[in-house]
$ cat input_35.pdb   # PDB, C-alpha atoms, pLDDT in the B column
ATOM      1  CA  ASP A 165      -1.961  18.735   2.011  1.00 62.00           C
ATOM      2  CA  ALA A 166      -2.655  18.315   5.710  1.00 64.00           C
ATOM      3  CA  LYS A 167       0.211  17.218   7.919  1.00 88.00           C
ATOM      4  CA  THR A 168       0.079  14.049   9.962  1.00 94.00           C
ATOM      5  CA  THR A 169       1.510  13.075  13.324  1.00 95.00           C
ATOM      6  CA  GLN A 170       2.464   9.482  14.103  1.00 97.00           C
ATOM      7  CA  PRO A 171       4.371   7.908  16.992  1.00 97.00           C
ATOM      8  CA  PRO A 172       7.937   7.124  15.908  1.00 97.00           C
ATOM      9  CA  SER A 173       7.789   3.505  16.992  1.00 97.00           C
ATOM     10  CA  MET A 174       5.492   0.803  18.345  1.00 98.00           C
ATOM     11  CA  ASP A 175       5.854  -2.781  19.446  1.00 97.00           C
ATOM     12  CA  CYS A 176       3.387  -5.587  18.975  1.00 96.00           C
ATOM     13  CA  ALA A 177       3.375  -9.258  19.879  1.00 97.00           C
ATOM     14  CA  GLU A 178       2.926 -11.731  17.061  1.00 97.00           C
ATOM     15  CA  GLY A 179      -0.708 -12.762  16.685  1.00 97.00           C
ATOM     16  CA  ARG A 180      -2.031  -9.689  18.448  1.00 97.00           C
ATOM     17  CA  ALA A 181      -3.774  -6.760  16.832  1.00 97.00           C
ATOM     18  CA  ALA A 182      -1.570  -3.804  15.950  1.00 98.00           C
ATOM     19  CA  ASN A 183      -3.313  -0.448  16.242  1.00 98.00           C
ATOM     20  CA  LEU A 184      -1.379   2.385  14.635  1.00 98.00           C
ATOM     21  CA  PRO A 185      -2.670   5.899  15.342  1.00 98.00           C
ATOM     22  CA  CYS A 186      -2.416   8.981  13.161  1.00 97.00           C
ATOM     23  CA  ASN A 187      -3.441  12.536  13.874  1.00 96.00           C
ATOM     24  CA  HIS A 188      -4.442  14.809  11.004  1.00 94.00           C
ATOM     25  CA  SER A 189      -6.278  17.662  12.674  1.00 93.00           C
ATOM     26  CA  THR A 190      -5.958  20.035   9.690  1.00 91.00           C
ATOM     27  CA  ILE A 191      -7.474  17.654   7.160  1.00 91.00           C
ATOM     28  CA  SER A 192      -9.852  19.294   4.716  1.00 88.00           C
ATOM     29  CA  GLY A 193     -13.064  17.951   3.244  1.00 86.00           C
ATOM     30  CA  ASN A 194     -11.672  16.599  -0.030  1.00 86.00           C
ATOM     31  CA  GLU A 195      -8.584  14.938   1.426  1.00 90.00           C
ATOM     32  CA  TYR A 196      -8.258  11.197   1.738  1.00 92.00           C
ATOM     33  CA  VAL A 197      -6.306   9.302   4.389  1.00 94.00           C
ATOM     34  CA  TYR A 198      -3.836   6.829   2.872  1.00 94.00           C
ATOM     35  CA  TRP A 199      -1.713   4.221   4.592  1.00 96.00           C
ATOM     36  CA  TYR A 200       1.412   2.704   3.120  1.00 96.00           C
ATOM     37  CA  ARG A 201       4.134   0.591   4.646  1.00 97.00           C
ATOM     38  CA  GLN A 202       7.750   0.089   3.738  1.00 97.00           C
ATOM     39  CA  ILE A 203       9.607  -3.048   4.611  1.00 96.00           C
ATOM     40  CA  HIS A 204      13.348  -2.553   4.815  1.00 91.00           C
ATOM     41  CA  SER A 205      15.014  -1.976   1.421  1.00 89.00           C
ATOM     42  CA  GLN A 206      11.759  -2.314  -0.492  1.00 95.00           C
ATOM     43  CA  GLY A 207       9.390   0.131  -2.158  1.00 96.00           C
ATOM     44  CA  PRO A 208       6.340   1.296  -0.198  1.00 96.00           C
ATOM     45  CA  GLN A 209       3.309  -0.975  -0.294  1.00 95.00           C
ATOM     46  CA  TYR A 210      -0.207   0.415  -0.495  1.00 93.00           C
ATOM     47  CA  ILE A 211      -2.394  -0.792   2.378  1.00 95.00           C
ATOM     48  CA  ILE A 212      -5.684   1.073   2.437  1.00 95.00           C
ATOM     49  CA  HIS A 213      -7.289   4.474   2.079  1.00 94.00           C
ATOM     50  CA  GLY A 214     -10.517   6.176   3.127  1.00 94.00           C
ATOM     51  CA  LEU A 215     -12.382   9.459   3.099  1.00 93.00           C
ATOM     52  CA  LYS A 216     -14.747   9.361   6.068  1.00 92.00           C
ATOM     53  CA  ASN A 217     -16.181   5.872   6.364  1.00 91.00           C
ATOM     54  CA  ASN A 218     -14.324   3.020   7.972  1.00 95.00           C
ATOM     55  CA  GLU A 219     -12.712   0.725   5.443  1.00 96.00           C
ATOM     56  CA  THR A 220     -11.557  -2.876   5.512  1.00 97.00           C
ATOM     57  CA  ASN A 221      -9.641  -5.003   3.065  1.00 94.00           C
ATOM     58  CA  GLU A 222      -7.633  -8.194   3.167  1.00 94.00           C
ATOM     59  CA  MET A 223      -4.670  -6.444   4.752  1.00 94.00           C
ATOM     60  CA  ALA A 224      -6.105  -4.104   7.348  1.00 97.00           C
ATOM     61  CA  SER A 225      -8.922  -1.966   8.668  1.00 98.00           C
ATOM     62  CA  LEU A 226      -8.984   1.806   8.725  1.00 98.00           C
ATOM     63  CA  ILE A 227     -10.991   3.581  11.384  1.00 98.00           C
ATOM     64  CA  ILE A 228     -11.541   7.308  10.837  1.00 97.00           C
ATOM     65  CA  THR A 229     -13.044   9.410  13.613  1.00 96.00           C
ATOM     66  CA  GLU A 230     -16.265  11.234  12.917  1.00 95.00           C
ATOM     67  CA  ASP A 231     -14.538  14.626  12.860  1.00 95.00           C
ATOM     68  CA  ARG A 232     -11.860  13.080  10.578  1.00 95.00           C
ATOM     69  CA  LYS A 233      -9.084  14.572  12.687  1.00 95.00           C
ATOM     70  CA  SER A 234      -7.519  11.224  13.447  1.00 96.00           C
ATOM     71  CA  SER A 235      -7.478   7.654  12.241  1.00 97.00           C
ATOM     72  CA  THR A 236      -6.239   4.228  13.272  1.00 98.00           C
ATOM     73  CA  LEU A 237      -4.853   1.494  11.093  1.00 98.00           C
ATOM     74  CA  ILE A 238      -5.578  -1.948  12.485  1.00 98.00           C
ATOM     75  CA  LEU A 239      -3.662  -5.081  11.564  1.00 98.00           C
ATOM     76  CA  PRO A 240      -5.910  -7.692  13.170  1.00 97.00           C
ATOM     77  CA  HIS A 241      -3.350 -10.467  13.628  1.00 96.00           C
ATOM     78  CA  ALA A 242       0.168  -9.117  13.291  1.00 97.00           C
ATOM     79  CA  THR A 243       2.883 -11.409  11.967  1.00 97.00           C
ATOM     80  CA  LEU A 244       6.648 -11.019  11.927  1.00 97.00           C
ATOM     81  CA  ARG A 245       6.388 -10.030   8.263  1.00 96.00           C
ATOM     82  CA  ASP A 246       4.361  -6.989   9.257  1.00 97.00           C
ATOM     83  CA  THR A 247       7.479  -5.403  10.758  1.00 98.00           C
ATOM     84  CA  ALA A 248       7.887  -2.223   8.710  1.00 98.00           C
ATOM     85  CA  VAL A 249       7.608   1.558   8.719  1.00 97.00           C
ATOM     86  CA  TYR A 250       3.955   2.574   8.377  1.00 98.00           C
ATOM     87  CA  TYR A 251       3.138   5.892   6.765  1.00 97.00           C
ATOM     88  CA  CYS A 252      -0.119   7.776   7.238  1.00 96.00           C
ATOM     89  CA  ILE A 253      -0.572  10.321   4.461  1.00 94.00           C
ATOM     90  CA  VAL A 254      -3.345  12.812   3.881  1.00 92.00           C
ATOM     91  CA  ARG A 255      -3.775  14.084   0.366  1.00 87.00           C
ATOM     92  CA  GLY A 256      -6.243  15.593  -1.993  1.00 75.00           C
ATOM     93  CA  TYR A 257      -5.221  15.797  -5.621  1.00 71.00           C
ATOM     94  CA  SER A 258      -1.531  16.382  -5.139  1.00 74.00           C
ATOM     95  CA  THR A 259       1.275  13.914  -4.774  1.00 80.00           C
ATOM     96  CA  LEU A 260       2.037  11.743  -1.789  1.00 86.00           C
ATOM     97  CA  THR A 261       4.283  13.389   0.774  1.00 87.00           C
ATOM     98  CA  PHE A 262       5.963  10.973   3.143  1.00 90.00           C
ATOM     99  CA  GLY A 263       6.687  11.859   6.749  1.00 90.00           C
ATOM    100  CA  LYS A 264       8.757   9.771   9.122  1.00 92.00           C
ATOM    101  CA  GLY A 265       6.054   7.200   9.809  1.00 96.00           C
ATOM    102  CA  THR A 266       5.808   4.667  12.626  1.00 97.00           C
ATOM    103  CA  MET A 267       8.317   1.839  12.888  1.00 97.00           C
ATOM    104  CA  LEU A 268       6.257  -1.190  13.913  1.00 98.00           C
ATOM    105  CA  LEU A 269       8.246  -4.045  15.374  1.00 98.00           C
ATOM    106  CA  VAL A 270       6.385  -7.336  15.668  1.00 98.00           C
ATOM    107  CA  SER A 271       8.057  -9.729  18.070  1.00 97.00           C
ATOM    108  CA  PRO A 272       7.582 -13.465  18.643  1.00 95.00           C
TER     109      PRO A 272
ATOM    110  CA  GLY B  50      -3.376  -5.009  -6.661  1.00 66.00           C
ATOM    111  CA  ALA B  51      -1.567  -3.115  -9.381  1.00 84.00           C
ATOM    112  CA  VAL B  52       2.047  -4.052 -10.006  1.00 92.00           C
ATOM    113  CA  VAL B  53       4.925  -1.729 -10.764  1.00 95.00           C
ATOM    114  CA  SER B  54       8.330  -3.073 -11.710  1.00 96.00           C
ATOM    115  CA  GLN B  55      11.741  -1.442 -11.782  1.00 97.00           C
ATOM    116  CA  HIS B  56      14.907  -2.429 -13.539  1.00 97.00           C
ATOM    117  CA  PRO B  57      17.612  -2.866 -12.499  1.00 97.00           C
ATOM    118  CA  SER B  58      17.104  -3.640  -8.822  1.00 97.00           C
ATOM    119  CA  TRP B  59      20.637  -2.543  -8.084  1.00 97.00           C
ATOM    120  CA  VAL B  60      23.498  -1.002 -10.027  1.00 97.00           C
ATOM    121  CA  ILE B  61      27.091  -0.087  -9.275  1.00 97.00           C
ATOM    122  CA  CYS B  62      28.799   2.377 -11.568  1.00 96.00           C
ATOM    123  CA  LYS B  63      31.897   4.504 -11.794  1.00 96.00           C
ATOM    124  CA  SER B  64      31.811   8.219 -11.144  1.00 97.00           C
ATOM    125  CA  GLY B  65      31.073  10.180 -14.310  1.00 96.00           C
ATOM    126  CA  THR B  66      28.996   7.527 -16.031  1.00 96.00           C
ATOM    127  CA  SER B  67      25.255   7.639 -16.696  1.00 97.00           C
ATOM    128  CA  VAL B  68      22.725   5.168 -15.382  1.00 97.00           C
ATOM    129  CA  LYS B  69      19.219   4.501 -16.681  1.00 97.00           C
ATOM    130  CA  ILE B  70      16.470   3.115 -14.466  1.00 98.00           C
ATOM    131  CA  GLU B  71      13.215   1.802 -15.943  1.00 97.00           C
ATOM    132  CA  CYS B  72       9.816   1.860 -14.276  1.00 96.00           C
ATOM    133  CA  ARG B  73       6.898  -0.102 -15.719  1.00 95.00           C
ATOM    134  CA  SER B  74       3.264  -0.435 -14.732  1.00 93.00           C
ATOM    135  CA  LEU B  75       2.503  -4.060 -15.541  1.00 92.00           C
ATOM    136  CA  ASP B  76      -1.261  -4.369 -15.409  1.00 88.00           C
ATOM    137  CA  PHE B  77      -2.570  -0.843 -15.700  1.00 87.00           C
ATOM    138  CA  GLN B  78      -1.965   2.305 -17.653  1.00 87.00           C
ATOM    139  CA  ALA B  79      -0.388   5.168 -15.791  1.00 87.00           C
ATOM    140  CA  THR B  80      -0.743   8.654 -17.167  1.00 82.00           C
ATOM    141  CA  THR B  81       1.329   9.899 -14.252  1.00 90.00           C
ATOM    142  CA  MET B  82       4.439   8.382 -12.736  1.00 93.00           C
ATOM    143  CA  PHE B  83       6.605   9.669  -9.922  1.00 95.00           C
ATOM    144  CA  TRP B  84      10.259   9.344  -9.003  1.00 97.00           C
ATOM    145  CA  TYR B  85      11.402   9.368  -5.389  1.00 96.00           C
ATOM    146  CA  ARG B  86      14.792   9.150  -3.744  1.00 97.00           C
ATOM    147  CA  GLN B  87      15.514   7.766  -0.302  1.00 96.00           C
ATOM    148  CA  PHE B  88      18.758   8.159   1.598  1.00 95.00           C
ATOM    149  CA  PRO B  89      19.608   5.798   4.480  1.00 91.00           C
ATOM    150  CA  LYS B  90      17.370   6.180   7.526  1.00 89.00           C
ATOM    151  CA  GLN B  91      15.389   8.942   5.846  1.00 92.00           C
ATOM    152  CA  SER B  92      11.942   9.076   4.341  1.00 92.00           C
ATOM    153  CA  LEU B  93      11.111   9.173   0.657  1.00 94.00           C
ATOM    154  CA  MET B  94      11.609  12.493  -1.091  1.00 95.00           C
ATOM    155  CA  LEU B  95       9.756  13.262  -4.291  1.00 95.00           C
ATOM    156  CA  MET B  96      12.095  14.177  -7.123  1.00 96.00           C
ATOM    157  CA  ALA B  97       9.769  14.666 -10.052  1.00 95.00           C
ATOM    158  CA  THR B  98       6.351  14.016 -11.521  1.00 93.00           C
ATOM    159  CA  SER B  99       6.200  12.541 -14.988  1.00 91.00           C
ATOM    160  CA  ASN B 100       3.182  12.801 -17.269  1.00 87.00           C
ATOM    161  CA  GLU B 101       2.936  10.679 -20.372  1.00 83.00           C
ATOM    162  CA  GLY B 102       3.863  12.625 -23.463  1.00 82.00           C
ATOM    163  CA  SER B 103       4.943  15.789 -21.699  1.00 85.00           C
ATOM    164  CA  LYS B 104       7.894  17.170 -19.796  1.00 88.00           C
ATOM    165  CA  ALA B 105       8.442  16.152 -16.217  1.00 92.00           C
ATOM    166  CA  THR B 106       7.866  18.526 -13.332  1.00 93.00           C
ATOM    167  CA  TYR B 107      10.802  18.623 -10.950  1.00 95.00           C
ATOM    168  CA  GLU B 108      10.726  19.419  -7.253  1.00 94.00           C
ATOM    169  CA  GLN B 109      12.713  22.345  -5.971  1.00 94.00           C
ATOM    170  CA  GLY B 110      16.383  21.536  -5.681  1.00 94.00           C
ATOM    171  CA  VAL B 111      16.342  18.645  -8.152  1.00 95.00           C
ATOM    172  CA  GLU B 112      18.484  19.299 -11.225  1.00 94.00           C
ATOM    173  CA  LYS B 113      16.504  18.489 -14.343  1.00 92.00           C
ATOM    174  CA  ASP B 114      19.623  18.276 -16.500  1.00 94.00           C
ATOM    175  CA  LYS B 115      21.135  15.726 -14.173  1.00 96.00           C
ATOM    176  CA  PHE B 116      18.065  13.569 -13.643  1.00 97.00           C
ATOM    177  CA  LEU B 117      16.524  13.062 -17.066  1.00 96.00           C
ATOM    178  CA  ILE B 118      13.010  11.659 -17.072  1.00 94.00           C
ATOM    179  CA  ASN B 119      11.208  10.244 -20.078  1.00 91.00           C
ATOM    180  CA  HIS B 120       7.614   9.011 -20.007  1.00 89.00           C
ATOM    181  CA  ALA B 121       7.097   7.912 -23.579  1.00 82.00           C
ATOM    182  CA  SER B 122       4.242   5.477 -23.024  1.00 88.00           C
ATOM    183  CA  LEU B 123       1.443   4.813 -20.569  1.00 88.00           C
ATOM    184  CA  THR B 124       3.362   1.949 -19.010  1.00 91.00           C
ATOM    185  CA  LEU B 125       6.991   3.088 -19.038  1.00 93.00           C
ATOM    186  CA  SER B 126       8.981   5.892 -17.471  1.00 94.00           C
ATOM    187  CA  THR B 127      12.753   6.099 -17.323  1.00 95.00           C
ATOM    188  CA  LEU B 128      15.087   8.022 -15.045  1.00 97.00           C
ATOM    189  CA  THR B 129      18.621   8.633 -16.257  1.00 97.00           C
ATOM    190  CA  VAL B 130      21.180   9.828 -13.749  1.00 97.00           C
ATOM    191  CA  THR B 131      23.738  11.623 -15.877  1.00 97.00           C
ATOM    192  CA  SER B 132      27.375  11.993 -14.885  1.00 96.00           C
ATOM    193  CA  ALA B 133      26.728  10.205 -11.617  1.00 96.00           C
ATOM    194  CA  HIS B 134      28.806  11.044  -8.565  1.00 96.00           C
ATOM    195  CA  PRO B 135      29.103   9.321  -5.190  1.00 96.00           C
ATOM    196  CA  GLU B 136      26.606  11.745  -3.632  1.00 96.00           C
ATOM    197  CA  ASP B 137      23.994  10.425  -6.074  1.00 96.00           C
ATOM    198  CA  SER B 138      24.213   7.016  -4.416  1.00 97.00           C
ATOM    199  CA  SER B 139      20.740   6.360  -3.079  1.00 97.00           C
ATOM    200  CA  PHE B 140      17.616   4.210  -3.290  1.00 97.00           C
ATOM    201  CA  TYR B 141      15.506   5.361  -6.244  1.00 98.00           C
ATOM    202  CA  ILE B 142      11.838   4.403  -6.217  1.00 97.00           C
ATOM    203  CA  CYS B 143       9.199   5.005  -8.838  1.00 97.00           C
ATOM    204  CA  SER B 144       5.450   4.934  -8.489  1.00 95.00           C
ATOM    205  CA  ALA B 145       2.537   4.977 -10.884  1.00 93.00           C
ATOM    206  CA  ARG B 146      -0.875   6.439 -10.370  1.00 88.00           C
ATOM    207  CA  ASP B 147      -3.881   4.251 -11.066  1.00 78.00           C
ATOM    208  CA  ARG B 148      -6.949   6.356 -11.407  1.00 65.00           C
ATOM    209  CA  VAL B 149     -10.144   4.711 -10.165  1.00 61.00           C
ATOM    210  CA  SER B 150     -13.742   5.694 -10.506  1.00 47.00           C
ATOM    211  CA  SER B 151     -14.277   6.486  -6.822  1.00 50.00           C
ATOM    212  CA  GLY B 152     -12.555   9.832  -7.185  1.00 54.00           C
ATOM    213  CA  ALA B 153      -9.460   8.855  -5.284  1.00 63.00           C
ATOM    214  CA  ASP B 154      -6.430   7.595  -7.084  1.00 73.00           C
ATOM    215  CA  THR B 155      -3.836   5.319  -5.673  1.00 84.00           C
ATOM    216  CA  GLN B 156      -0.114   5.294  -6.256  1.00 89.00           C
ATOM    217  CA  TYR B 157       1.601   1.943  -6.485  1.00 92.00           C
ATOM    218  CA  PHE B 158       5.321   1.740  -5.944  1.00 95.00           C
ATOM    219  CA  GLY B 159       8.061  -0.222  -7.577  1.00 97.00           C
ATOM    220  CA  PRO B 160      10.546  -2.288  -5.578  1.00 97.00           C
ATOM    221  CA  GLY B 161      13.251   0.368  -5.880  1.00 97.00           C
ATOM    222  CA  THR B 162      16.715   0.564  -7.438  1.00 98.00           C
ATOM    223  CA  ARG B 163      19.816   0.749  -5.279  1.00 97.00           C
ATOM    224  CA  LEU B 164      22.408   2.954  -7.011  1.00 97.00           C
ATOM    225  CA  THR B 165      25.985   2.951  -5.781  1.00 97.00           C
ATOM    226  CA  VAL B 166      28.441   5.294  -7.465  1.00 97.00           C
ATOM    227  CA  LEU B 167      32.096   4.554  -6.827  1.00 96.00           C
TER     228      LEU B 167
END
$ encode --input "input_35.pdb" --output "structure tokens"
Amino acid sequence: DAKTTQPPSMDCAEGRAANLPCNHSTISGNEYVYWYRQIHSQGPQYIIHGLKNNETNEMASLIITEDRKSSTLILPHATLRDTAVYYCIVRGYSTLTFGKGTMLLVSP
Amino acid sequence: GAVVSQHPSWVICKSGTSVKIECRSLDFQATTMFWYRQFPKQSLMLMATSNEGSKATYEQGVEKDKFLINHASLTLSTLTVTSAHPEDSSFYICSARDRVSSGADTQYFGPGTRLTVL
């Protein structure tokens, strides 16, 4: 599976949009981009996934560049409860491999 | 979304005893379940992949005789840590794969089990 690169940490003010970037320049054609988050001492929570089109659900939006080498997860109105480690994972048919993710801290 | 439960949520045991952790998919059938381990301030590490009705596939470095996995039904997988020692103390997390028609499949995770071995 392709590797991903994420910033180790980001800050966001409550109520603002949080934009979390992810680079996956070696992604191949059959690999999906998945986003999960892990709140402290809990299991990871599925957020969203996509192949090449932008996706939106009740939690977030996923913007994938046309060349698919990078993506951005958008939390439109961050709340304090969105403070967590966010993992961007690229996978085809194999298992999920977790990197270090981005620690998002949402502040009042 | 799909729900995965784990039991117990935490357990404290004495060194040398065995501990069983259950993982259940509550509203979907999971032909494949996964077991992860997470040490403090580290990311999740895959331990093994469990397919219903067959033997589990273990990742390199994970002792299959120490971490016994049983996936007897489409909604239940168990992990037994045999002869637990303090170095086995960790956060154990299971996940279940829900296959959807779009071609992608999504893994849903349980809340985790905190194991402390004294």
$ interface_residues --input "input_35.pdb" --of "chain B" --to "chain A" --cutoff "7 Å" --atoms "all atoms listed in the file" --output "ChimeraX atom specification"
/B:92-93,142,157-161
$ resolve_selection --input "input_35.pdb" --expression "the PyMOL selection byres ((chain B and resi 75) around 8)" --output "list in words"
Ala51, Val52, Val53, Ser54, Arg73, Ser74, Asp76, Phe77 and Thr124 of chain B
$ resolve_selection --input "input_35.pdb" --expression "the PyMOL selection byres ((chain A and resi 170-181) around 7)" --output "list in words"
Thr168, Thr169, Ala182, Asn183, Pro185, Cys186, Asn187, Ile238, Leu239, Pro240, His241, Ala242, Thr243, Leu244, Gly265, Thr266, Met267, Leu268, Leu269, Val270, Ser271 and Pro272 of chain A
$ axis_aligned_box --input "input_35.pdb" --around "range 156-163 of chain B" --padding-each-side "5 Å" --output "lines of an AutoDock Vina configuration file"
center_x = 9.9
center_y = 1.5
center_z = -6.4
size_x = 29.9
size_y = 17.6
size_z = 12.3
$ atom_distance --input "input_35.pdb" --atom1 "CA of Thr236 in chain A" --atom2 "CA of Ser258 in chain A"
22.6 Å
$ atom_distance --input "input_35.pdb" --atom1 "CA of Gly102 in chain B" --atom2 "CA of Cys143 in chain B"
17.3 Å
$ residues_around --input "input_35.pdb" --residues "Lys115 in chain B" --least-positions-apart "5" --cutoff "8 Å" --atoms "only C-alpha atoms" --output "list of chain:residue names"
B:Thr129, B:Val130, B:Thr131, B:Ser132
$ resolve_selection --input "input_35.pdb" --expression "the PyMOL selection byres ((chain B and resi 121) around 10)" --output "ChimeraX atom specification"
/B:99-103,118-120,122-127
$ atom_distance --input "input_35.pdb" --atom1 "CA of Leu95 in chain B" --atom2 "CA of Val197 in chain A"
18.7 Å
